[in-house]
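See structure below.
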Number of protein chains: 2
Amino acid sequence: MKLYDSLRAPNPRRVRWFLAEKGVDDIEIVDIDLLKGAHKQKSFLDRAGAANVPVLELDDGLALTESIAICRYLESLYPEPNMFGRDAREAAVIEMWTRRVELGLANPLMLSVRHTHPALAVLENQIPAVAENHRGAADRALQALDVRLTDRDFIAADRITLADIILVCAIDFARLVRFRLPEDMGGLRRWYAAMSARPAAKAGVTA
Amino acid sequence: MKLYDSLRAPNPRRVRWFLAEKGVDDIEIVDIDLLKGAHKQKSFLDRAGAANVPVLELDDGLALTESIAICRYLESLYPEPNMFGRDAREAAVIEMWTRRVELGLANPLMLSVRHTHPALAVLENQIPAVAENHRGAADRALQALDVRLTDRDFIAADRITLADIILVCAIDFARLVRFRLPEDMGGLRRWYAAMSARPAAKAGVTA
């Protein structure tokens with residue numbers, strides 16, 4: 001099994017954090033330099049089937065893209081600690097919150113960064129109105145998440161789950177455009193400090 | 001168990017189609033009129049926790065939102081025919097394609113409709129540049145899906161799965177803005193004709 005990774009992109013970090021929480025450190029990592037377009041070269045596309053990272057290549061040659069599909073597959077190989085739910089009801093609650101975080105916050109925030117940061121102009125035809133629209137959606141989602149975290153340690157369960165990992169990776173990626181959690185979001189700020197103090201926060205982070 | 005539904009919105013139709021494929025017809029349906037703002041009224045918000053449909057309310061009072069989390073939970077209750085994968089490897093492939101369809105095509109196409117259709121101005125601060133940007137992303141995803149369907153009957157497996165349902169619901173919703181599959185997309189058009197001929201295509205569709 002091989003993991004095609006990129007240290008500065010937001011989605012590969014989800015998988016690195018997920019593996020670090022599970023104590024898995026024996027998967028071969030191949031770094032892909034996105035700003036140099038390594039993900040668009042034929043040798044990579046032939047293998048991965050899409051110009052994306054992360055990609056998990058299985059020993060039988062199957063290339064899996066999509067960070068959340070990769071994490072769910074890895075959960076089947078490394079079930080503990082559980083990140084996706086112990087039964088169908090808990091799994092549904094975790095998936096619901098993971099999706100609220102991803103669709104409501106992480107994706108809009110990431111798109112607002114892509115449409116704003118000068119270094120990412122090589123990846124995106126940047127449009128200010130699009131950046132602003134996504135940023136507005138992200139701000140509304142942040143408020144709802146701050147309410148959710150008022151009296152909870154984690155978003156979806158009594159322990160860290162995939163939903164927390166998706167959220168913290170989104171917030172850290174947005175620091176590229178000097179994003180900071182607002183002072184009055186006490187629930188989110190307390191949760192963020194605790195997440196940032198976990199050993200997994202350092203997985204593959206060099207700066 | 002109760003399903004809060006809305007006949008004209010795209011995401012509730014995913015759940016109706018999913019249930020129809022499984023032959024489930026004994027879940028109580030409650031219709032929510034989005035254009036009249038029924039999803040923003042306090043009685044609904046107190047129950048559902050978010051201004052969204054669909055919502056699946058379990059008998060213990062838990063309200064699940066997010067169509068895909070709802071479908072996965074329903075799969076645990078009604079496992080056949082299988083829509084999410086029979087083992088971890090197949091489930092990963094299905095989730096990968098479901099996400100490519102949803103994030104690459106369905107969400108951008110839905111947002112382009114929301115930012116374009118006059119009747120949806122009550123739901124969205126419509127911005128032409130945002131509509132155009134999403135539509136461009138959707139068009140690129142359509143091309144990739146057409147290639148995928150060149151010599152396949154279904155997107156992710158040898159049978160219909162969630163990925164097919166998400167795609168067909170997205171295409172049909174975009175008909176609101178007169179979207180049609182391009183003539184030269186033979187793979188997608190053949191697949192679309194076959195999907196539209198399934199009995200489940202009519203689940204809850206009145207027009």
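We name chains A, B, ... following the order of the structure tokens; residues begin at 1 in each chain, and ligands are numbered from 1 as shown.
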Could you list the residues in chain A lying within 6 Å of chain B, using only C-alpha atoms, and format the result as a VMD selection string?
-> chain A and resid 66 69 73 88 92 95 to 96 130
Compile the contact shell of Ile165 in chain A as a PyMOL selection string: residues with an atom at most 12 Å away, counting only C-alpha atoms, same-chain residues fewer than 6 positions apart removed.
-> chain A and resi 10-21+67-68+71+83-84+94+97-98+101-102+106+154-156+159+171-172+191-192+195-196+198+200-201
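You can rank A:Pro118, A:Gly104, A:Pro199, A:Pro79 by their closest distance to Ile166 in chain A using only C-alpha atoms, and at the top of that list sits A:Gly104.
If you look at CA of Leu145 in chain A and CA of Gly186 in chain A, they are 10.8 Å away from each other.
Take the candidates B:Thr150, B:Thr161, B:Gln143, B:Thr116 and check each one against Arg178 in chain B using only C-alpha atoms; the shortest distance goes to B:Thr116.
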Hey, which bits of range 109-158 of chain B sit within 10 Å of range 27-44 of chain B, and for each residue what's the closest pair of atoms and how far apart in Å (one decimal), counting only C-alpha atoms, rows by chain and increasing number, as a Markdown table?
```
| residue | atom | partner | partner_atom | distance |
| --- | --- | --- | --- | --- |
| B:Ala119 | CA | B:Leu35 | CA | 8.4 |
| B:Leu120 | CA | B:Leu35 | CA | 7.9 |
| B:Ala121 | CA | B:Leu35 | CA | 9.9 |
| B:Val122 | CA | B:Leu35 | CA | 7.3 |
| B:Leu123 | CA | B:Leu35 | CA | 7.8 |
```
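Using only C-alpha atoms, the residues found no farther than 9 Å from Arg152 in chain A, other than those of its own chain fewer than 4 positions away, are A:Arg148, A:Ala157, A:Asp158, A:Gly187, A:Trp191.
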Selection file, N, CA, C and O atoms, as a short mmCIF file (atom, residue, chain, number, x, y, z; two decimals), in the first residue's frame:
```cif
data_model
loop_
_atom_site.label_atom_id
_atom_site.label_comp_id
_atom_site.auth_asym_id
_atom_site.auth_seq_id
_atom_site.Cartn_x
_atom_site.Cartn_y
_atom_site.Cartn_z
N ARG A 148 -22.46 24.47 18.54
CA ARG A 148 -22.38 23.03 18.80
C ARG A 148 -21.31 22.71 19.84
O ARG A 148 -21.45 21.80 20.65
N ALA A 157 -19.20 13.02 18.73
CA ALA A 157 -19.30 11.89 19.66
C ALA A 157 -18.57 12.28 20.94
O ALA A 157 -18.17 13.42 21.12
N ASP A 158 -18.40 11.29 21.84
CA ASP A 158 -17.70 11.56 23.11
C ASP A 158 -16.20 11.41 22.95
O ASP A 158 -15.46 11.37 23.93
N GLY A 187 -16.45 28.43 22.17
CA GLY A 187 -16.54 26.98 22.04
C GLY A 187 -15.54 26.46 21.03
O GLY A 187 -14.77 25.52 21.29
N TRP A 191 -12.05 24.17 21.68
CA TRP A 191 -11.91 22.91 20.93
C TRP A 191 -10.64 22.95 20.06
O TRP A 191 -9.87 21.99 20.01
#
```
Sel. of alpha helix (DSSP H) residues, range 19-188 of chain A, as a PyMOL selection string = chain A and resi 19-21+42-48+67-77+88-99+107-114+128-148+162-174+186-188
List every residue of range 30-146 of chain A that DSSP, applied to the backbone of this structure, places in strand (DSSP E), and write the result as an MDAnalysis selection string.
-> chainID A and resid 30:31 55:57 63:65
Since we have the selection now, will you write its residues out, keeping all heavy atoms, as a PDB file, in the first residue's frame?
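Final output, saved to result18.pdb:
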```
ATOM      1  N   VAL A  30       4.516   8.864  -0.702  1.00  0.00           N
ATOM      2  CA  VAL A  30       5.157   9.460  -1.874  1.00  0.00           C
ATOM      3  C   VAL A  30       4.695  10.906  -1.956  1.00  0.00           C
ATOM      4  O   VAL A  30       3.486  11.170  -2.053  1.00  0.00           O
ATOM      5  CB  VAL A  30       4.747   8.715  -3.168  1.00  0.00           C
ATOM      6  CG1 VAL A  30       5.460   9.321  -4.376  1.00  0.00           C
ATOM      7  CG2 VAL A  30       5.033   7.226  -3.043  1.00  0.00           C
ATOM      8  N   ASP A  31       5.627  11.862  -1.904  1.00  0.00           N
ATOM      9  CA  ASP A  31       5.227  13.268  -1.922  1.00  0.00           C
ATOM     10  C   ASP A  31       5.033  13.761  -3.354  1.00  0.00           C
ATOM     11  O   ASP A  31       5.870  13.508  -4.231  1.00  0.00           O
ATOM     12  CB  ASP A  31       6.275  14.140  -1.211  1.00  0.00           C
ATOM     13  CG  ASP A  31       5.779  15.572  -1.065  1.00  0.00           C
ATOM     14  OD1 ASP A  31       4.697  15.759  -0.477  1.00  0.00           O
ATOM     15  OD2 ASP A  31       6.453  16.490  -1.568  1.00  0.00           O
ATOM     16  N   VAL A  55      -3.980   9.988  -2.782  1.00  0.00           N
ATOM     17  CA  VAL A  55      -4.363   8.746  -3.463  1.00  0.00           C
ATOM     18  C   VAL A  55      -3.795   7.598  -2.636  1.00  0.00           C
ATOM     19  O   VAL A  55      -2.624   7.630  -2.257  1.00  0.00           O
ATOM     20  CB  VAL A  55      -3.768   8.671  -4.886  1.00  0.00           C
ATOM     21  CG1 VAL A  55      -4.120   7.342  -5.550  1.00  0.00           C
ATOM     22  CG2 VAL A  55      -4.240   9.833  -5.738  1.00  0.00           C
ATOM     23  N   LEU A  56      -4.611   6.614  -2.349  1.00  0.00           N
ATOM     24  CA  LEU A  56      -4.123   5.402  -1.688  1.00  0.00           C
ATOM     25  C   LEU A  56      -4.089   4.294  -2.736  1.00  0.00           C
ATOM     26  O   LEU A  56      -5.122   3.929  -3.301  1.00  0.00           O
ATOM     27  CB  LEU A  56      -5.037   4.999  -0.529  1.00  0.00           C
ATOM     28  CG  LEU A  56      -4.549   3.809   0.291  1.00  0.00           C
ATOM     29  CD1 LEU A  56      -3.306   4.182   1.111  1.00  0.00           C
ATOM     30  CD2 LEU A  56      -5.646   3.296   1.238  1.00  0.00           C
ATOM     31  N   GLU A  57      -2.888   3.803  -3.009  1.00  0.00           N
ATOM     32  CA  GLU A  57      -2.742   2.730  -3.992  1.00  0.00           C
ATOM     33  C   GLU A  57      -2.652   1.408  -3.240  1.00  0.00           C
ATOM     34  O   GLU A  57      -1.744   1.195  -2.433  1.00  0.00           O
ATOM     35  CB  GLU A  57      -1.488   2.969  -4.833  1.00  0.00           C
ATOM     36  CG  GLU A  57      -1.358   2.016  -6.005  1.00  0.00           C
ATOM     37  CD  GLU A  57      -0.096   2.312  -6.832  1.00  0.00           C
ATOM     38  OE1 GLU A  57       1.001   2.404  -6.237  1.00  0.00           O
ATOM     39  OE2 GLU A  57      -0.215   2.446  -8.050  1.00  0.00           O
ATOM     40  N   ALA A  63      -6.388   2.292  -7.268  1.00  0.00           N
ATOM     41  CA  ALA A  63      -6.044   3.621  -6.763  1.00  0.00           C
ATOM     42  C   ALA A  63      -7.306   4.278  -6.220  1.00  0.00           C
ATOM     43  O   ALA A  63      -8.250   4.521  -6.963  1.00  0.00           O
ATOM     44  CB  ALA A  63      -5.448   4.468  -7.880  1.00  0.00           C
ATOM     45  N   LEU A  64      -7.301   4.552  -4.935  1.00  0.00           N
ATOM     46  CA  LEU A  64      -8.441   5.226  -4.306  1.00  0.00           C
ATOM     47  C   LEU A  64      -8.120   6.697  -4.148  1.00  0.00           C
ATOM     48  O   LEU A  64      -7.088   7.054  -3.572  1.00  0.00           O
ATOM     49  CB  LEU A  64      -8.700   4.656  -2.908  1.00  0.00           C
ATOM     50  CG  LEU A  64      -9.297   3.271  -2.816  1.00  0.00           C
ATOM     51  CD1 LEU A  64      -9.366   2.861  -1.343  1.00  0.00           C
ATOM     52  CD2 LEU A  64     -10.702   3.262  -3.431  1.00  0.00           C
ATOM     53  N   THR A  65      -9.012   7.569  -4.644  1.00  0.00           N
ATOM     54  CA  THR A  65      -8.907   8.985  -4.316  1.00  0.00           C
ATOM     55  C   THR A  65     -10.041   9.336  -3.354  1.00  0.00           C
ATOM     56  O   THR A  65     -10.841   8.468  -3.005  1.00  0.00           O
ATOM     57  CB  THR A  65      -9.014   9.882  -5.571  1.00  0.00           C
ATOM     58  OG1 THR A  65     -10.331   9.760  -6.120  1.00  0.00           O
ATOM     59  CG2 THR A  65      -7.982   9.495  -6.613  1.00  0.00           C
TER      60      THR A  65
END
```
State, in Å with one decimal place, the distance from CA of Ala51 in chain B to CA of Phe179 in chain A.
-> 26.9 Å
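For the atom pair formed by CA of Ala138 in chain B and CA of Cys169 in chain B, the distance is 14.0 Å, given to one decimal.
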